[in-house]
Amino acid sequence: MHSAIGEPRDPVPPPAEAPGASSVAARAAGALRRLLGALEMSSTRFFVEFQKDLKLWLFCVAFMEAWRFLFMFIYRGHMGDSAGLLAVLASALNGARYDSKVAALWMAPSFLASLACAWADLRRAAAAARLAAGTAFVACSAVLFRVALGYYEEYRNNFDHWLFGMYYDDAGAVMGTVSAQYNLPLNIVIALALTVALALALRRLLRRPFVREELVARWLRTLPRRIAAGVAVAAFVFVASSGSIGKRPLQLKDAAVTTDEFLNKAVVNPYMALYYAVSEHRRLSRSDGLGVYLPDGDIASAARLVFGRDGPVEDLDSCMLRRAKGPKGPVPRHVFVIVMESYDAWPLLPAYAPLGLSERLKALAREGIAILNFLSGSDGTMTSYAALVTGLPDAGVHTNYRETAESPYPSSVPETFRRLGYRTRLFYSGYLSWQRIDQFSRAQGFDEAYGGAHMGSWAVTNEWGVRDSDLFTFAGSMADDSRPTFDLLLTTSNHPPYTVDVWAEGFPLQEIPESVRRLCDGTTTLRELGHLWYSDKCLGEFVEKMERELPLSLFAITGDHFSRKHVSARPGLWERSCVPLVLYGRDVLRDVTAPDGVAGSHIDIGPTLVELAAPRGFEYYSLGRDLLRARGKPGAAPSPAEGGRAHQTARPAAEYWLARLGVGRRRVVTADFVVDASDPPSAQPAPGGSGAVPAPAELAELKRFHDCLHAVAWWRIMKGNLIRPVDVR
């Protein structure tokens, strides 16, 4: 028998286990560890690749900021005197918000590939997508930004609605002009060299992340840290792609952060400017484009405001119906409407008299009637021509391509003169195939259309047509006194690439006169100014010849749009908006004078001429007004600015203001001021006016009238005559 003391006892047996339980738990634990390890590794891959995406985003933003500073440096003379360093920095910092949106789009392909790295090892695909996107960005930017510089040089603006006038233009002529003006081969070489150099630099930049992979893996060991990093990335993507930390994404109206117009234009990069221009054009061209002018879509209310009516408005044509008051003197037998290419009003001001650019027109103005507070229908040739011919404001829809333009609008000026018994003819010094001008003009009432091919002298032509001297010579050779004629002449010489040897034609200036040198900063060359002088010379010789050969001739001379060529880099709003209207006819206008304070636009030319030629009671249609009609004294009727009562006070108030307003695309002019009808509207005094500008409430009403007038034109062109409800959503 063994002693119990000091001897070991039998061990206690463990509790019974289910067969295989330990191996299942071990496998589960191993799987969990592998899953967590894989998640840690995949999240590490994503955050490492995202750092390279962030580098690409920063590169794109830096590139666009560098372009912005280059743009501001090149055109620094366009900045106002009060624009200081803080304003420049404000422009650059606000511009970075627009740059961020563009950079986020270029980053998107590689970011999606990086995100996929969280599930699979796609690092090589992400690197390829990143480099491809970066190279494409550099190549596109090199071209787009150079085009943007040239666009601003020509139009003094970012990409805007006029861009689509170029789209509809003669592509060959546009490319020929670009090649001649901007040395296209050299610019292509520079763009290619810049793309290659920056692509190589970008490839080197994108090889490594900011933080090495092992450090990222160490920091992301815990789940809370990985969640925090994911939230930070999501927040960055949201802010970068919207350009804003608020609920509302960045918009065009957020660009005006300074009081300097040029610096505000520098805020929006070419990508975003192009996007905004395309968006507005597409919206205007759609069936809901009315909302651009009338957010509520109430076209009937707009028509009541424009036409000064109280009751229901069911169609537009009946609102445009007019009855002629009868001739003011001898009836013109021959009516010439001469639309001069890029013919501004500012050379007619006394301050610029020493340049002598428009002496022939000045002489006609002294003997006739001159209206300098006058706006073109648009800022492009075809859009202005369409507004003048149809009598409908340019609503941004390219009237000459619309189905409703296949037959004459009731307000068509040549059709109205054809009903008066005039032979109607178009003389255009360019190609008749340009923007369908032949078909469009004939559809609107021209019996005959003649283009540069009829005028000869192609040895001395350029991409846009024959010289003005050839146009006027041909039109003069077609003079015919056997029946009344209505002739519209459209010139082209005062236009890039400026190929006329103006000094051989007698242009006297070899340098800017000392007396006006303080106004000139070299923005426009003497050669360019010489083309305005040349056009004016040809105009004067033609008028003199026709007046001798054709008794009772009446001339209406205007510009198709402001020229965008000024001797100063910073002309005022009036100088970069107004074109002249000169009415001349020694016999026809012998006893006719213009009322005080008259202002107008292209849509007013038609009714003014009709009222000089039509018998009393003749019915015609117009959105414009007779500029020579006597009007009441100021204060005789309330204005739309006085509480917005124009639609309540019926016709007298509307007629009072329509007789004193000139309305063009995004512009309103009176004898005292000119209004930029953008959003928000602004105003500057007109030369020779009272110096007063409208108060904010009046500005809002003037903009509303501008918008309603263009809404009526949009409806008539896009929808037709009858008014019906429309959804603008």
# chains A, B, ... in the order shown; residues from 1 in each chain; ligands from 1
$ closest_atom_pairs --of "range 218-313 of chain A" --to "range 686-709 of chain A" --cutoff "12 Å" --atoms "only C-alpha atoms" --output "JSON lines"
{"residue": "A:Leu290", "atom": "CA", "partner": "A:Cys708", "partner_atom": "CA", "distance": 9.9}
{"residue": "A:Gly291", "atom": "CA", "partner": "A:Asp707", "partner_atom": "CA", "distance": 10.2}
{"residue": "A:Val292", "atom": "CA", "partner": "A:Asp707", "partner_atom": "CA", "distance": 8.6}
{"residue": "A:Tyr293", "atom": "CA", "partner": "A:Asp707", "partner_atom": "CA", "distance": 5.0}
{"residue": "A:Leu294", "atom": "CA", "partner": "A:Asp707", "partner_atom": "CA", "distance": 7.1}
{"residue": "A:Pro295", "atom": "CA", "partner": "A:Asp707", "partner_atom": "CA", "distance": 10.2}
{"residue": "A:Asp296", "atom": "CA", "partner": "A:Cys708", "partner_atom": "CA", "distance": 11.4}
{"residue": "A:Gly297", "atom": "CA", "partner": "A:Cys708", "partner_atom": "CA", "distance": 10.3}
{"residue": "A:Asp298", "atom": "CA", "partner": "A:Cys708", "partner_atom": "CA", "distance": 9.6}
{"residue": "A:Ile299", "atom": "CA", "partner": "A:Cys708", "partner_atom": "CA", "distance": 7.9}
{"residue": "A:Ala300", "atom": "CA", "partner": "A:Cys708", "partner_atom": "CA", "distance": 9.9}
{"residue": "A:Ser301", "atom": "CA", "partner": "A:Cys708", "partner_atom": "CA", "distance": 8.6}
{"residue": "A:Ala302", "atom": "CA", "partner": "A:Cys708", "partner_atom": "CA", "distance": 4.9}
{"residue": "A:Ala303", "atom": "CA", "partner": "A:Cys708", "partner_atom": "CA", "distance": 7.1}
{"residue": "A:Arg304", "atom": "CA", "partner": "A:Cys708", "partner_atom": "CA", "distance": 9.4}
{"residue": "A:Leu305", "atom": "CA", "partner": "A:Phe705", "partner_atom": "CA", "distance": 7.3}
{"residue": "A:Val306", "atom": "CA", "partner": "A:Leu709", "partner_atom": "CA", "distance": 6.0}
{"residue": "A:Phe307", "atom": "CA", "partner": "A:Leu709", "partner_atom": "CA", "distance": 9.2}
{"residue": "A:Gly308", "atom": "CA", "partner": "A:Phe705", "partner_atom": "CA", "distance": 11.2}
$ select_by_dssp --residues "range 350-527 of chain A" --states "alpha helix (DSSP H)" --output "ChimeraX atom specification"
/A:359-367,381-390,413-419,437-443,468-477,526-527
$ write_last_selection --atoms "C-alpha atoms" --output "short mmCIF file (atom, residue, chain, number, x, y, z; two decimals), in the first residue's frame"
data_model
loop_
_atom_site.label_atom_id
_atom_site.label_comp_id
_atom_site.auth_asym_id
_atom_site.auth_seq_id
_atom_site.Cartn_x
_atom_site.Cartn_y
_atom_site.Cartn_z
CA GLU A 359 -13.84 111.66 -91.67
CA ARG A 360 -16.19 110.68 -94.50
CA LEU A 361 -18.86 109.44 -92.13
CA LYS A 362 -18.44 112.57 -89.99
CA ALA A 363 -19.15 114.71 -93.04
CA LEU A 364 -22.31 112.73 -93.78
CA ALA A 365 -23.34 113.00 -90.14
CA ARG A 366 -22.99 116.77 -90.17
CA GLU A 367 -25.35 117.04 -93.13
CA THR A 381 -21.62 89.80 -88.09
CA MET A 382 -24.21 87.15 -88.93
CA THR A 383 -26.16 87.49 -85.70
CA SER A 384 -26.30 91.27 -86.10
CA TYR A 385 -27.23 90.94 -89.77
CA ALA A 386 -30.05 88.54 -88.87
CA ALA A 387 -31.38 90.94 -86.22
CA LEU A 388 -31.29 93.89 -88.62
CA VAL A 389 -32.92 91.99 -91.49
CA THR A 390 -35.61 90.14 -89.51
CA VAL A 413 -37.31 94.58 -93.38
CA PRO A 414 -36.62 93.54 -97.01
CA GLU A 415 -40.00 91.78 -97.18
CA THR A 416 -41.69 94.96 -95.93
CA PHE A 417 -39.95 97.05 -98.60
CA ARG A 418 -40.84 94.47 -101.22
CA ARG A 419 -44.49 94.94 -100.24
CA ILE A 437 -26.57 84.02 -96.05
CA ASP A 438 -27.85 83.54 -99.61
CA GLN A 439 -30.75 81.21 -98.73
CA PHE A 440 -31.56 83.09 -95.53
CA SER A 441 -31.59 86.50 -97.23
CA ARG A 442 -33.78 85.32 -100.10
CA ALA A 443 -36.17 83.67 -97.64
CA ASP A 468 -14.59 97.18 -99.89
CA SER A 469 -13.67 99.15 -103.02
CA ASP A 470 -14.69 96.17 -105.16
CA LEU A 471 -17.99 95.79 -103.30
CA PHE A 472 -18.92 99.45 -103.67
CA THR A 473 -17.82 99.56 -107.30
CA PHE A 474 -19.97 96.55 -108.16
CA ALA A 475 -23.01 97.82 -106.24
CA GLY A 476 -22.62 101.18 -107.97
CA SER A 477 -22.50 99.50 -111.36
CA LEU A 526 -1.60 101.55 -87.20
CA ARG A 527 -2.27 98.94 -89.88
#
$ residues_around --residues "Ala234 in chain A" --least-positions-apart "6" --cutoff "12 Å" --atoms "only C-alpha atoms" --output "ChimeraX atom specification"
/A:47,50,111,115,227-228,240-241
$ residues_around --residues "Gly356 in chain A" --least-positions-apart "3" --cutoff "12 Å" --atoms "only C-alpha atoms" --output "list in words"
Trp346, Pro347, Leu348, Leu349, Pro350, Ala351, Tyr352, Ala353, Glu359, Arg360, Leu361, Lys362, Ala363, Phe507, Pro508, Leu509, Ile512, Pro513, Val516, Leu529, Gly530, Leu532, Trp533, Tyr534, Asp536 and Lys537 of chain A
$ atom_distance --atom1 "CA of Ala62 in chain A" --atom2 "CA of Leu200 in chain A"
16.5 Å
$ closest_residue --among "A:Ser43, A:Thr195, A:Arg282, A:Ala83" --to "Leu223 in chain A" --atoms "only C-alpha atoms"
A:Ser43
$ closest_residue --among "A:Ala479, A:Leu105, A:Val257, A:Val675" --to "Leu550 in chain A" --atoms "only C-alpha atoms"
A:Ala479
$ closest_residue --among "A:Trp106, A:Trp574, A:Tyr155, A:Phe486" --to "Ser342 in chain A" --atoms "only C-alpha atoms"
A:Tyr155
$ closest_residue --among "A:Gly77, A:Phe145, A:Leu252, A:Arg286" --to "Gly522 in chain A" --atoms "only C-alpha atoms"
A:Gly77
$ closest_residue --among "A:Val669, A:Val663, A:Leu163, A:Ala256" --to "Gln684 in chain A" --atoms "only C-alpha atoms"
A:Val669
$ closest_residue --among "A:Thr593, A:Asn187, A:Ser318, A:Ser678" --to "Val143 in chain A" --atoms "only C-alpha atoms"
A:Asn187
$ closest_atom_pairs --of "range 333-421 of chain A" --to "range 559-572 of chain A" --cutoff "6 Å" --atoms "only C-alpha atoms" --output "JSON lines"
{"residue": "A:Val339", "atom": "CA", "partner": "A:Gly559", "partner_atom": "CA", "distance": 5.2}
{"residue": "A:Met340", "atom": "CA", "partner": "A:Gly559", "partner_atom": "CA", "distance": 4.6}
{"residue": "A:Glu341", "atom": "CA", "partner": "A:Asp560", "partner_atom": "CA", "distance": 5.6}
{"residue": "A:Ser342", "atom": "CA", "partner": "A:Ser563", "partner_atom": "CA", "distance": 4.0}
{"residue": "A:Tyr343", "atom": "CA", "partner": "A:Gly559", "partner_atom": "CA", "distance": 4.4}
{"residue": "A:Asp344", "atom": "CA", "partner": "A:Phe562", "partner_atom": "CA", "distance": 5.0}
{"residue": "A:Ser376", "atom": "CA", "partner": "A:His561", "partner_atom": "CA", "distance": 5.3}
{"residue": "A:Asp379", "atom": "CA", "partner": "A:His561", "partner_atom": "CA", "distance": 5.0}
{"residue": "A:Thr381", "atom": "CA", "partner": "A:Asp560", "partner_atom": "CA", "distance": 5.5}
{"residue": "A:Ser384", "atom": "CA", "partner": "A:Asp560", "partner_atom": "CA", "distance": 5.9}
$ select_by_dssp --residues "range 462-705 of chain A" --states "strand (DSSP E)" --output "short mmCIF file (atom, residue, chain, number, x, y, z; two decimals) with N, CA and C atoms, in the first residue's frame"
data_model
loop_
_atom_site.label_atom_id
_atom_site.label_comp_id
_atom_site.auth_asym_id
_atom_site.auth_seq_id
_atom_site.Cartn_x
_atom_site.Cartn_y
_atom_site.Cartn_z
N THR A 485 -35.51 100.98 -105.33
CA THR A 485 -34.65 99.88 -104.88
C THR A 485 -34.38 99.99 -103.39
N PHE A 486 -34.28 98.83 -102.77
CA PHE A 486 -33.83 98.72 -101.38
C PHE A 486 -32.59 97.82 -101.42
N ASP A 487 -31.43 98.40 -101.18
CA ASP A 487 -30.16 97.67 -101.27
C ASP A 487 -29.47 97.63 -99.92
N LEU A 488 -29.03 96.44 -99.52
CA LEU A 488 -28.25 96.29 -98.30
C LEU A 488 -26.85 95.86 -98.69
N LEU A 489 -25.85 96.62 -98.23
CA LEU A 489 -24.45 96.33 -98.53
C LEU A 489 -23.75 95.92 -97.24
N LEU A 490 -23.02 94.82 -97.30
CA LEU A 490 -22.33 94.28 -96.13
C LEU A 490 -20.85 94.14 -96.47
N SER A 553 -32.14 109.54 -102.97
CA SER A 553 -31.52 108.40 -102.29
C SER A 553 -31.46 108.66 -100.79
N LEU A 554 -31.64 107.59 -100.03
CA LEU A 554 -31.55 107.64 -98.57
C LEU A 554 -30.55 106.59 -98.12
N PHE A 555 -29.62 106.99 -97.25
CA PHE A 555 -28.57 106.09 -96.78
C PHE A 555 -28.70 105.91 -95.27
N ALA A 556 -28.67 104.66 -94.84
CA ALA A 556 -28.61 104.33 -93.41
C ALA A 556 -27.32 103.55 -93.19
N ILE A 557 -26.38 104.15 -92.48
CA ILE A 557 -25.03 103.59 -92.35
C ILE A 557 -24.79 103.21 -90.89
N THR A 558 -24.36 101.98 -90.67
CA THR A 558 -24.11 101.50 -89.31
C THR A 558 -22.98 100.48 -89.34
N GLY A 559 -22.59 100.02 -88.17
CA GLY A 559 -21.60 98.95 -88.06
C GLY A 559 -22.27 97.64 -87.72
N LEU A 581 -25.16 105.10 -86.04
CA LEU A 581 -26.17 105.08 -87.10
C LEU A 581 -26.22 106.49 -87.69
N VAL A 582 -25.92 106.60 -88.96
CA VAL A 582 -25.98 107.88 -89.66
C VAL A 582 -27.01 107.75 -90.77
N LEU A 583 -28.02 108.60 -90.73
CA LEU A 583 -29.03 108.68 -91.79
C LEU A 583 -28.71 109.90 -92.65
N TYR A 584 -28.58 109.66 -93.95
CA TYR A 584 -28.19 110.76 -94.84
C TYR A 584 -29.04 110.71 -96.12
N GLY A 600 -30.94 104.00 -79.85
CA GLY A 600 -31.58 102.89 -80.54
C GLY A 600 -30.66 101.73 -80.77
N SER A 601 -31.12 100.80 -81.60
CA SER A 601 -30.34 99.62 -81.95
C SER A 601 -30.76 99.15 -83.33
N GLU A 619 -49.65 99.03 -93.27
CA GLU A 619 -49.46 98.13 -92.13
C GLU A 619 -48.13 97.39 -92.25
N TYR A 620 -47.39 97.39 -91.18
CA TYR A 620 -46.13 96.63 -91.12
C TYR A 620 -45.94 96.14 -89.69
N TYR A 621 -44.92 95.33 -89.48
CA TYR A 621 -44.72 94.70 -88.18
C TYR A 621 -43.32 95.04 -87.67
N GLY A 662 -32.11 101.84 -76.55
CA GLY A 662 -31.59 100.95 -77.57
C GLY A 662 -31.24 99.65 -76.88
N VAL A 663 -31.71 98.54 -77.41
CA VAL A 663 -31.49 97.25 -76.77
C VAL A 663 -30.77 96.32 -77.73
N GLY A 664 -29.60 95.87 -77.34
CA GLY A 664 -28.85 94.87 -78.08
C GLY A 664 -28.60 93.66 -77.22
N ARG A 667 -26.87 94.39 -73.78
CA ARG A 667 -26.63 95.82 -73.63
C ARG A 667 -27.94 96.59 -73.74
N VAL A 668 -28.02 97.69 -73.00
CA VAL A 668 -29.10 98.66 -73.12
C VAL A 668 -28.44 100.03 -73.12
N VAL A 669 -28.88 100.93 -74.01
CA VAL A 669 -28.27 102.25 -74.08
C VAL A 669 -29.34 103.33 -74.09
N PHE A 673 -26.63 106.87 -70.44
CA PHE A 673 -25.83 105.77 -69.91
C PHE A 673 -25.97 104.54 -70.79
N VAL A 674 -25.04 103.60 -70.59
CA VAL A 674 -25.12 102.30 -71.24
C VAL A 674 -25.08 101.24 -70.15
N VAL A 675 -25.89 100.21 -70.31
CA VAL A 675 -26.05 99.18 -69.29
C VAL A 675 -25.50 97.86 -69.80
N ASP A 676 -24.68 97.21 -69.00
CA ASP A 676 -24.30 95.82 -69.23
C ASP A 676 -25.37 94.97 -68.56
N SER A 682 -24.85 96.31 -64.64
CA SER A 682 -24.07 97.48 -64.22
C SER A 682 -24.21 98.55 -65.30
N ALA A 683 -23.81 99.76 -64.99
CA ALA A 683 -23.98 100.86 -65.95
C ALA A 683 -22.82 101.83 -65.86
N GLN A 684 -22.55 102.51 -66.98
CA GLN A 684 -21.56 103.58 -67.04
C GLN A 684 -22.16 104.74 -67.83
N PRO A 685 -21.73 105.97 -67.56
CA PRO A 685 -22.28 107.12 -68.29
C PRO A 685 -21.92 107.06 -69.78
#
$ residues_around --residues "Ala255 in chain A" --least-positions-apart "2" --cutoff "9 Å" --atoms "only C-alpha atoms" --output "ChimeraX atom specification"
/A:91,94-95,98,250-253,257-258,264-268
$ write_last_selection --atoms "N, CA and C atoms" --output "PDB file, in the first residue's frame"
ATOM      1  N   SER A  91      -8.138  87.183 -57.097  1.00  0.00           N
ATOM      2  CA  SER A  91      -8.479  86.561 -58.379  1.00  0.00           C
ATOM      3  C   SER A  91      -7.845  85.181 -58.505  1.00  0.00           C
ATOM      4  N   ASN A  94      -9.471  82.650 -55.861  1.00  0.00           N
ATOM      5  CA  ASN A  94     -10.812  82.236 -56.270  1.00  0.00           C
ATOM      6  C   ASN A  94     -10.749  81.394 -57.535  1.00  0.00           C
ATOM      7  N   GLY A  95      -9.805  81.711 -58.423  1.00  0.00           N
ATOM      8  CA  GLY A  95      -9.633  80.908 -59.625  1.00  0.00           C
ATOM      9  C   GLY A  95      -9.238  79.482 -59.315  1.00  0.00           C
ATOM     10  N   TYR A  98     -12.118  77.070 -59.357  1.00  0.00           N
ATOM     11  CA  TYR A  98     -12.504  76.579 -60.685  1.00  0.00           C
ATOM     12  C   TYR A  98     -11.472  75.571 -61.196  1.00  0.00           C
ATOM     13  N   LEU A 250     -19.757  75.428 -57.046  1.00  0.00           N
ATOM     14  CA  LEU A 250     -19.267  76.679 -57.616  1.00  0.00           C
ATOM     15  C   LEU A 250     -19.968  76.972 -58.938  1.00  0.00           C
ATOM     16  N   GLN A 251     -20.322  78.255 -59.160  1.00  0.00           N
ATOM     17  CA  GLN A 251     -21.008  78.665 -60.378  1.00  0.00           C
ATOM     18  C   GLN A 251     -20.299  79.864 -60.993  1.00  0.00           C
ATOM     19  N   LEU A 252     -20.707  80.215 -62.216  1.00  0.00           N
ATOM     20  CA  LEU A 252     -20.074  81.324 -62.924  1.00  0.00           C
ATOM     21  C   LEU A 252     -20.237  82.634 -62.163  1.00  0.00           C
ATOM     22  N   LYS A 253     -21.376  82.836 -61.525  1.00  0.00           N
ATOM     23  CA  LYS A 253     -21.622  84.097 -60.838  1.00  0.00           C
ATOM     24  C   LYS A 253     -20.692  84.296 -59.645  1.00  0.00           C
ATOM     25  N   VAL A 257     -15.154  88.423 -57.770  1.00  0.00           N
ATOM     26  CA  VAL A 257     -14.706  88.629 -56.393  1.00  0.00           C
ATOM     27  C   VAL A 257     -13.963  89.938 -56.229  1.00  0.00           C
ATOM     28  N   THR A 258     -13.647  90.628 -57.314  1.00  0.00           N
ATOM     29  CA  THR A 258     -12.969  91.916 -57.226  1.00  0.00           C
ATOM     30  C   THR A 258     -13.824  92.977 -57.921  1.00  0.00           C
ATOM     31  N   ASN A 264     -11.668  89.776 -62.778  1.00  0.00           N
ATOM     32  CA  ASN A 264     -12.791  88.839 -62.661  1.00  0.00           C
ATOM     33  C   ASN A 264     -12.821  87.870 -63.843  1.00  0.00           C
ATOM     34  N   LYS A 265     -12.445  88.346 -65.023  1.00  0.00           N
ATOM     35  CA  LYS A 265     -12.366  87.455 -66.180  1.00  0.00           C
ATOM     36  C   LYS A 265     -11.234  86.454 -66.017  1.00  0.00           C
ATOM     37  N   ALA A 266     -10.160  86.866 -65.338  1.00  0.00           N
ATOM     38  CA  ALA A 266      -9.026  85.969 -65.135  1.00  0.00           C
ATOM     39  C   ALA A 266      -9.359  84.833 -64.175  1.00  0.00           C
ATOM     40  N   VAL A 267     -10.408  84.971 -63.385  1.00  0.00           N
ATOM     41  CA  VAL A 267     -10.766  83.950 -62.399  1.00  0.00           C
ATOM     42  C   VAL A 267     -11.133  82.635 -63.072  1.00  0.00           C
ATOM     43  N   VAL A 268     -11.931  82.689 -64.120  1.00  0.00           N
ATOM     44  CA  VAL A 268     -12.466  81.474 -64.750  1.00  0.00           C
ATOM     45  C   VAL A 268     -11.461  80.954 -65.774  1.00  0.00           C
TER      46      VAL A 268
END
$ atom_distance --atom1 "CA of Gly597 in chain A" --atom2 "CA of Val579 in chain A"
16.3 Å
